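In what follows, a structure is listed as structure tokens, so that the remarks can point back to it.
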Amino acid sequence: MASDPSEQAGTADSAIDSVSVLSEDSRRRMFTFIRRARRAVTRDEAAASVGISRKLAAFHLDKLVDAGLLRARYETPGGIRKVGRQPKVYEPTDAQITVSIPDRRHELLADLLLDAVLTEGQDENAAQAAVRTAGQRGRRLGEAAREETRPGRLGPERGLTACERLLEQYGYEPVRETPTRLRLRNCPFHPLAGKAPGLVCGMNHAFLSGCLKGLEVNGVHAVLAPEPGECCVRLGPSGATQEEGAD
């Protein structure tokens with residue numbers, strides 16, 4: 001993955017909506033036909049591919065366009081110009097739709113590890129490079145979120161509110177335990193975190209610490225506090241220790 005997950009098309013909700021559009025049989029078969037055609041397809045061709053009327057095909061095709069799965073334009077098939085209105089043709093978009101419940105971000109982990117391999121310095125090993133790139137990525141995302149909202153000075157309570165909005169986008173399922181403590185109910189990197197907890201949890205801790213730095217949140221730290229079925233990190237007051245975070 002070359003770009004940040006925040007730049008991918010759609011949110012989890014829109015991905016679910018897009019997939020639900022494909023639950024209708026004729027619609028799903030037309031979508032498959034158009035993807036495999038490798039060219040723009042007319043309504044007549046789409047209708048014939050599933051044996052339905054042109055009018056009904058137009059209805060289903062427009063639903064696929066609304067869902068972001070197809071794009072439509074007017075074009076003469078084969079490039080031959082004819083008298084009259086050009087027919088409407090359909091072709092797949094570049095959108096990649098993935099639905100995971102609960103949310104998983106293995107592509108983010110893979111991207112961070114790739115960055116680590118490509119930028120590993122002579123004075124660090126692979127694990128250190130991975131933690132460094134995770135921290136740098138988190139900081140950039142926090143800075144971007146701060147630049148977008150320009151929230152001013154962020155104390156613990158306002159800072160955690162900003163963190164909630166940011167981390168919700170990345171599948172952490174944040175829950176406010178107290179005004180100054182945020183619990184993350186989901187691990188976006190499960191089950192890979194279970195295979196290499198030292199590496200993945202270390203990267204996750206660095207990533208979340210970077211987010212806090214980028215947002216310029218005062219008085220809040222990311223604390224390692226593993227809990228079964230949850231993220232290994234909690235966000236809380238700067239004075240909190242690992243043991244306090246696990247209470």
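Within each chain, counting starts at residue 1; across the structure tokens, chains are named A, B, ... in the order shown, with ligands numbered 1 upward in that order.
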key: Expected answer as a PyMOL selection string: strand (DSSP E or B) residues in segment 7-171 of chain A   = chain A and resi 41-42+70-74+88-92+154
Determine which residues of segment 28-151 of chain A DSSP labels as helix (DSSP H, G or I) from the backbone of this structure, then write them out as an mmCIF file with C-alpha atoms, in the first residue's frame.
```cif
data_model
loop_
_atom_site.group_PDB
_atom_site.id
_atom_site.type_symbol
_atom_site.label_atom_id
_atom_site.label_comp_id
_atom_site.auth_asym_id
_atom_site.auth_seq_id
_atom_site.Cartn_x
_atom_site.Cartn_y
_atom_site.Cartn_z
ATOM 1 C CA ARG A 28 -23.733 -8.858 -8.876
ATOM 2 C CA ARG A 29 -23.604 -10.823 -12.146
ATOM 3 C CA MET A 30 -23.586 -7.646 -14.248
ATOM 4 C CA PHE A 31 -20.822 -6.203 -12.110
ATOM 5 C CA THR A 32 -18.763 -9.373 -12.624
ATOM 6 C CA PHE A 33 -19.422 -9.282 -16.370
ATOM 7 C CA ILE A 34 -18.302 -5.650 -16.657
ATOM 8 C CA ARG A 35 -15.151 -6.220 -14.593
ATOM 9 C CA ARG A 36 -14.150 -9.148 -16.789
ATOM 10 C CA ALA A 37 -14.949 -7.354 -20.058
ATOM 11 C CA ARG A 43 -26.612 -1.172 -21.031
ATOM 12 C CA ASP A 44 -27.763 -3.547 -23.747
ATOM 13 C CA GLU A 45 -24.691 -5.735 -23.293
ATOM 14 C CA ALA A 46 -25.064 -5.730 -19.519
ATOM 15 C CA ALA A 47 -28.753 -6.598 -19.766
ATOM 16 C CA ALA A 48 -28.058 -9.440 -22.199
ATOM 17 C CA SER A 49 -25.355 -10.867 -19.939
ATOM 18 C CA VAL A 50 -27.946 -11.694 -17.266
ATOM 19 C CA ARG A 54 -32.637 -2.885 -20.654
ATOM 20 C CA LYS A 55 -34.752 -0.737 -18.310
ATOM 21 C CA LEU A 56 -34.165 -3.040 -15.348
ATOM 22 C CA ALA A 57 -30.485 -3.251 -16.201
ATOM 23 C CA ALA A 58 -30.262 0.562 -16.184
ATOM 24 C CA PHE A 59 -31.755 0.622 -12.673
ATOM 25 C CA HIS A 60 -29.200 -1.879 -11.352
ATOM 26 C CA LEU A 61 -26.291 -0.240 -13.164
ATOM 27 C CA ASP A 62 -27.128 3.149 -11.687
ATOM 28 C CA LYS A 63 -27.161 1.561 -8.210
ATOM 29 C CA LEU A 64 -23.646 0.267 -8.852
ATOM 30 C CA VAL A 65 -22.557 3.736 -9.976
ATOM 31 C CA ASP A 66 -24.050 5.316 -6.834
ATOM 32 C CA PRO A 77 -18.476 1.516 -28.735
ATOM 33 C CA GLY A 78 -15.602 0.756 -31.080
ATOM 34 C CA GLY A 79 -14.979 4.461 -31.662
ATOM 35 C CA HIS A 106 -2.974 -5.355 8.204
ATOM 36 C CA GLU A 107 -2.214 -3.157 5.186
ATOM 37 C CA LEU A 108 -1.016 -0.400 7.531
ATOM 38 C CA LEU A 109 1.244 -2.828 9.368
ATOM 39 C CA ALA A 110 2.629 -4.138 6.077
ATOM 40 C CA ASP A 111 3.230 -0.601 4.832
ATOM 41 C CA LEU A 112 5.122 0.332 7.997
ATOM 42 C CA LEU A 113 7.270 -2.792 7.772
ATOM 43 C CA LEU A 114 8.039 -2.043 4.110
ATOM 44 C CA ASP A 115 9.077 1.497 5.032
ATOM 45 C CA ALA A 116 11.291 0.059 7.760
ATOM 46 C CA VAL A 117 13.039 -2.274 5.308
ATOM 47 C CA LEU A 118 13.592 0.543 2.811
ATOM 48 C CA THR A 119 14.877 3.074 5.352
ATOM 49 C CA ALA A 126 14.986 -4.273 11.659
ATOM 50 C CA ALA A 127 12.805 -4.098 14.787
ATOM 51 C CA GLN A 128 14.166 -0.668 15.722
ATOM 52 C CA ALA A 129 13.531 0.577 12.203
ATOM 53 C CA ALA A 130 9.951 -0.721 12.363
ATOM 54 C CA VAL A 131 9.268 1.066 15.653
ATOM 55 C CA ARG A 132 10.822 4.263 14.278
ATOM 56 C CA THR A 133 8.707 4.246 11.120
ATOM 57 C CA ALA A 134 5.556 3.550 13.143
ATOM 58 C CA GLY A 135 6.246 6.530 15.372
ATOM 59 C CA GLN A 136 6.971 8.772 12.402
ATOM 60 C CA ARG A 137 3.775 7.693 10.620
ATOM 61 C CA GLY A 138 1.652 8.288 13.701
ATOM 62 C CA ARG A 139 3.154 11.731 14.167
ATOM 63 C CA ARG A 140 2.437 12.696 10.547
ATOM 64 C CA LEU A 141 -1.167 11.568 10.878
ATOM 65 C CA GLY A 142 -1.565 13.506 14.114
ATOM 66 C CA GLU A 143 -0.066 16.614 12.521
ATOM 67 C CA ALA A 144 -2.410 16.292 9.545
ATOM 68 C CA ALA A 145 -5.437 15.953 11.833
ATOM 69 C CA ARG A 146 -4.338 18.983 13.842
ATOM 70 C CA GLU A 147 -3.773 21.048 10.697
ATOM 71 C CA GLU A 148 -7.240 20.126 9.454
ATOM 72 C CA THR A 149 -9.075 21.127 12.639
#
```
Spatial neighbours of Leu192 of chain A, max dist 12 Å, only C-alpha atoms, sep filter under 3 positions, as a PDB file with all heavy atoms, in the first residue's frame:
```
ATOM      1  N   ARG A 104      -9.733  -4.502  10.790  1.00  0.00           N
ATOM      2  CA  ARG A 104      -8.329  -4.891  10.793  1.00  0.00           C
ATOM      3  C   ARG A 104      -7.569  -4.007   9.823  1.00  0.00           C
ATOM      4  O   ARG A 104      -8.072  -3.663   8.760  1.00  0.00           O
ATOM      5  CB  ARG A 104      -8.161  -6.363  10.394  1.00  0.00           C
ATOM      6  CG  ARG A 104      -8.887  -7.332  11.325  1.00  0.00           C
ATOM      7  CD  ARG A 104      -8.323  -7.322  12.723  1.00  0.00           C
ATOM      8  NE  ARG A 104      -8.980  -8.299  13.574  1.00  0.00           N
ATOM      9  CZ  ARG A 104      -9.403  -8.053  14.796  1.00  0.00           C
ATOM     10  NH1 ARG A 104      -9.248  -6.840  15.318  1.00  0.00           N
ATOM     11  NH2 ARG A 104      -9.972  -9.000  15.517  1.00  0.00           N
ATOM     12  N   ARG A 105      -6.330  -3.653  10.182  1.00  0.00           N
ATOM     13  CA  ARG A 105      -5.506  -2.779   9.356  1.00  0.00           C
ATOM     14  C   ARG A 105      -4.154  -3.433   9.050  1.00  0.00           C
ATOM     15  O   ARG A 105      -3.106  -2.868   9.278  1.00  0.00           O
ATOM     16  CB  ARG A 105      -5.324  -1.427  10.056  1.00  0.00           C
ATOM     17  CG  ARG A 105      -6.612  -0.619  10.187  1.00  0.00           C
ATOM     18  CD  ARG A 105      -7.237  -0.355   8.832  1.00  0.00           C
ATOM     19  NE  ARG A 105      -8.513   0.297   8.944  1.00  0.00           N
ATOM     20  CZ  ARG A 105      -8.727   1.576   8.641  1.00  0.00           C
ATOM     21  NH1 ARG A 105      -7.726   2.323   8.222  1.00  0.00           N
ATOM     22  NH2 ARG A 105      -9.924   2.099   8.762  1.00  0.00           N
ATOM     23  N   HIS A 106      -4.208  -4.657   8.530  1.00  0.00           N
ATOM     24  CA  HIS A 106      -2.974  -5.355   8.204  1.00  0.00           C
ATOM     25  C   HIS A 106      -2.198  -4.627   7.114  1.00  0.00           C
ATOM     26  O   HIS A 106      -0.968  -4.728   7.045  1.00  0.00           O
ATOM     27  CB  HIS A 106      -3.289  -6.788   7.766  1.00  0.00           C
ATOM     28  CG  HIS A 106      -3.926  -7.599   8.858  1.00  0.00           C
ATOM     29  ND1 HIS A 106      -4.716  -8.692   8.609  1.00  0.00           N
ATOM     30  CD2 HIS A 106      -3.902  -7.454  10.214  1.00  0.00           C
ATOM     31  CE1 HIS A 106      -5.134  -9.203   9.751  1.00  0.00           C
ATOM     32  NE2 HIS A 106      -4.667  -8.470  10.734  1.00  0.00           N
ATOM     33  N   GLU A 107      -2.912  -3.887   6.244  1.00  0.00           N
ATOM     34  CA  GLU A 107      -2.214  -3.157   5.186  1.00  0.00           C
ATOM     35  C   GLU A 107      -1.363  -2.036   5.768  1.00  0.00           C
ATOM     36  O   GLU A 107      -0.301  -1.708   5.241  1.00  0.00           O
ATOM     37  CB  GLU A 107      -3.207  -2.616   4.151  1.00  0.00           C
ATOM     38  CG  GLU A 107      -3.986  -1.380   4.543  1.00  0.00           C
ATOM     39  CD  GLU A 107      -5.104  -1.634   5.539  1.00  0.00           C
ATOM     40  OE1 GLU A 107      -5.349  -2.802   5.885  1.00  0.00           O
ATOM     41  OE2 GLU A 107      -5.753  -0.656   5.977  1.00  0.00           O
ATOM     42  N   LEU A 109       0.088  -2.149   8.783  1.00  0.00           N
ATOM     43  CA  LEU A 109       1.244  -2.828   9.368  1.00  0.00           C
ATOM     44  C   LEU A 109       2.247  -3.212   8.282  1.00  0.00           C
ATOM     45  O   LEU A 109       3.458  -3.012   8.439  1.00  0.00           O
ATOM     46  CB  LEU A 109       0.773  -4.065  10.135  1.00  0.00           C
ATOM     47  CG  LEU A 109       1.836  -4.819  10.934  1.00  0.00           C
ATOM     48  CD1 LEU A 109       2.446  -3.931  12.006  1.00  0.00           C
ATOM     49  CD2 LEU A 109       1.230  -6.067  11.568  1.00  0.00           C
ATOM     50  N   ALA A 110       1.748  -3.748   7.172  1.00  0.00           N
ATOM     51  CA  ALA A 110       2.629  -4.138   6.077  1.00  0.00           C
ATOM     52  C   ALA A 110       3.352  -2.931   5.496  1.00  0.00           C
ATOM     53  O   ALA A 110       4.543  -2.996   5.162  1.00  0.00           O
ATOM     54  CB  ALA A 110       1.827  -4.855   4.988  1.00  0.00           C
ATOM     55  N   CYS A 187      -7.999  -4.268  18.578  1.00  0.00           N
ATOM     56  CA  CYS A 187      -6.629  -4.251  18.059  1.00  0.00           C
ATOM     57  C   CYS A 187      -6.688  -4.377  16.547  1.00  0.00           C
ATOM     58  O   CYS A 187      -7.024  -5.452  16.030  1.00  0.00           O
ATOM     59  CB  CYS A 187      -5.817  -5.402  18.650  1.00  0.00           C
ATOM     60  SG  CYS A 187      -4.184  -5.581  17.880  1.00  0.00           S
ATOM     61  N   PRO A 188      -6.379  -3.313  15.808  1.00  0.00           N
ATOM     62  CA  PRO A 188      -6.449  -3.387  14.343  1.00  0.00           C
ATOM     63  C   PRO A 188      -5.449  -4.365  13.738  1.00  0.00           C
ATOM     64  O   PRO A 188      -5.570  -4.720  12.567  1.00  0.00           O
ATOM     65  CB  PRO A 188      -6.139  -1.947  13.908  1.00  0.00           C
ATOM     66  CG  PRO A 188      -6.356  -1.106  15.117  1.00  0.00           C
ATOM     67  CD  PRO A 188      -6.005  -1.974  16.267  1.00  0.00           C
ATOM     68  N   PHE A 189      -4.456  -4.794  14.535  1.00  0.00           N
ATOM     69  CA  PHE A 189      -3.405  -5.655  14.004  1.00  0.00           C
ATOM     70  C   PHE A 189      -3.544  -7.112  14.455  1.00  0.00           C
ATOM     71  O   PHE A 189      -2.640  -7.920  14.251  1.00  0.00           O
ATOM     72  CB  PHE A 189      -2.032  -5.107  14.402  1.00  0.00           C
ATOM     73  CG  PHE A 189      -1.852  -3.664  14.069  1.00  0.00           C
ATOM     74  CD1 PHE A 189      -1.468  -2.738  15.027  1.00  0.00           C
ATOM     75  CD2 PHE A 189      -2.102  -3.207  12.782  1.00  0.00           C
ATOM     76  CE1 PHE A 189      -1.311  -1.398  14.711  1.00  0.00           C
ATOM     77  CE2 PHE A 189      -1.941  -1.865  12.454  1.00  0.00           C
ATOM     78  CZ  PHE A 189      -1.549  -0.963  13.427  1.00  0.00           C
ATOM     79  N   LYS A 195       1.252 -13.237  17.064  1.00  0.00           N
ATOM     80  CA  LYS A 195       2.392 -13.985  16.534  1.00  0.00           C
ATOM     81  C   LYS A 195       3.723 -13.342  16.908  1.00  0.00           C
ATOM     82  O   LYS A 195       4.732 -14.030  17.066  1.00  0.00           O
ATOM     83  CB  LYS A 195       2.283 -14.100  15.017  1.00  0.00           C
ATOM     84  CG  LYS A 195       1.115 -14.952  14.549  1.00  0.00           C
ATOM     85  CD  LYS A 195       1.125 -15.094  13.032  1.00  0.00           C
ATOM     86  CE  LYS A 195       0.006 -15.999  12.558  1.00  0.00           C
ATOM     87  NZ  LYS A 195      -0.006 -16.153  11.076  1.00  0.00           N
ATOM     88  N   ALA A 196       3.751 -12.022  16.989  1.00  0.00           N
ATOM     89  CA  ALA A 196       4.987 -11.307  17.321  1.00  0.00           C
ATOM     90  C   ALA A 196       4.639 -10.115  18.211  1.00  0.00           C
ATOM     91  O   ALA A 196       4.747  -8.965  17.791  1.00  0.00           O
ATOM     92  CB  ALA A 196       5.707 -10.854  16.047  1.00  0.00           C
ATOM     93  N   PRO A 197       4.191 -10.379  19.454  1.00  0.00           N
ATOM     94  CA  PRO A 197       3.704  -9.281  20.305  1.00  0.00           C
ATOM     95  C   PRO A 197       4.758  -8.221  20.594  1.00  0.00           C
ATOM     96  O   PRO A 197       4.437  -7.033  20.655  1.00  0.00           O
ATOM     97  CB  PRO A 197       3.257 -10.001  21.594  1.00  0.00           C
ATOM     98  CG  PRO A 197       3.963 -11.322  21.559  1.00  0.00           C
ATOM     99  CD  PRO A 197       4.092 -11.685  20.115  1.00  0.00           C
ATOM    100  N   GLY A 198       6.015  -8.641  20.777  1.00  0.00           N
ATOM    101  CA  GLY A 198       7.045  -7.657  21.072  1.00  0.00           C
ATOM    102  C   GLY A 198       7.199  -6.644  19.955  1.00  0.00           C
ATOM    103  O   GLY A 198       7.274  -5.437  20.201  1.00  0.00           O
ATOM    104  N   LEU A 199       7.215  -7.131  18.712  1.00  0.00           N
ATOM    105  CA  LEU A 199       7.381  -6.247  17.560  1.00  0.00           C
ATOM    106  C   LEU A 199       6.116  -5.449  17.279  1.00  0.00           C
ATOM    107  O   LEU A 199       6.152  -4.214  17.189  1.00  0.00           O
ATOM    108  CB  LEU A 199       7.761  -7.066  16.325  1.00  0.00           C
ATOM    109  CG  LEU A 199       7.829  -6.297  15.000  1.00  0.00           C
ATOM    110  CD1 LEU A 199       8.887  -5.204  15.068  1.00  0.00           C
ATOM    111  CD2 LEU A 199       8.087  -7.255  13.838  1.00  0.00           C
ATOM    112  N   VAL A 200       4.986  -6.145  17.142  1.00  0.00           N
ATOM    113  CA  VAL A 200       3.751  -5.460  16.735  1.00  0.00           C
ATOM    114  C   VAL A 200       3.257  -4.514  17.812  1.00  0.00           C
ATOM    115  O   VAL A 200       2.847  -3.381  17.521  1.00  0.00           O
ATOM    116  CB  VAL A 200       2.669  -6.490  16.356  1.00  0.00           C
ATOM    117  CG1 VAL A 200       1.372  -5.779  15.979  1.00  0.00           C
ATOM    118  CG2 VAL A 200       3.141  -7.360  15.189  1.00  0.00           C
ATOM    119  N   CYS A 201       3.284  -4.941  19.064  1.00  0.00           N
ATOM    120  CA  CYS A 201       2.833  -4.053  20.141  1.00  0.00           C
ATOM    121  C   CYS A 201       3.778  -2.860  20.297  1.00  0.00           C
ATOM    122  O   CYS A 201       3.352  -1.751  20.605  1.00  0.00           O
ATOM    123  CB  CYS A 201       2.720  -4.817  21.457  1.00  0.00           C
ATOM    124  SG  CYS A 201       1.372  -6.039  21.469  1.00  0.00           S
ATOM    125  N   ASN A 204       2.825  -0.556  17.572  1.00  0.00           N
ATOM    126  CA  ASN A 204       1.535   0.056  17.886  1.00  0.00           C
ATOM    127  C   ASN A 204       1.701   1.156  18.932  1.00  0.00           C
ATOM    128  O   ASN A 204       1.124   2.238  18.814  1.00  0.00           O
ATOM    129  CB  ASN A 204       0.574  -1.023  18.394  1.00  0.00           C
ATOM    130  CG  ASN A 204      -0.844  -0.520  18.544  1.00  0.00           C
ATOM    131  OD1 ASN A 204      -1.297   0.319  17.777  1.00  0.00           O
ATOM    132  ND2 ASN A 204      -1.543  -1.042  19.531  1.00  0.00           N
TER     133      ASN A 204
END
```
request  = List the neighbours of Glu173 of chain A out to 10 Å using only C-alpha atoms; skip same-chain residues closer than 3 positions along the sequence, and give me the result as a list in words.
outcome  = Pro102, Asp103, Glu164, Arg165, Leu167, Glu168, Gln169, Tyr170, Arg183, Leu184, Arg185, Asn186, Cys187, Pro188, Glu230 and Cys231 of chain A
ask   = Mind pulling up the distance from atom CA of Leu70 of chain A to atom CA of Asp25 of chain A?
value = 16.4 Å
ask   = atom CA of Leu69 of chain A to atom CA of Ile52 of chain A: how many Å, to one decimal?
value = 20.2 Å
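Shortest atom-to-atom contact with Pro237 of chain A among A:Pro191, A:Gly152, A:Gly159, A:Pro174: A:Gly159, counting only C-alpha atoms.
Here atom CA of Glu157 of chain A is placed at a distance of 12.6 Å from atom CA of Leu212 of chain A.
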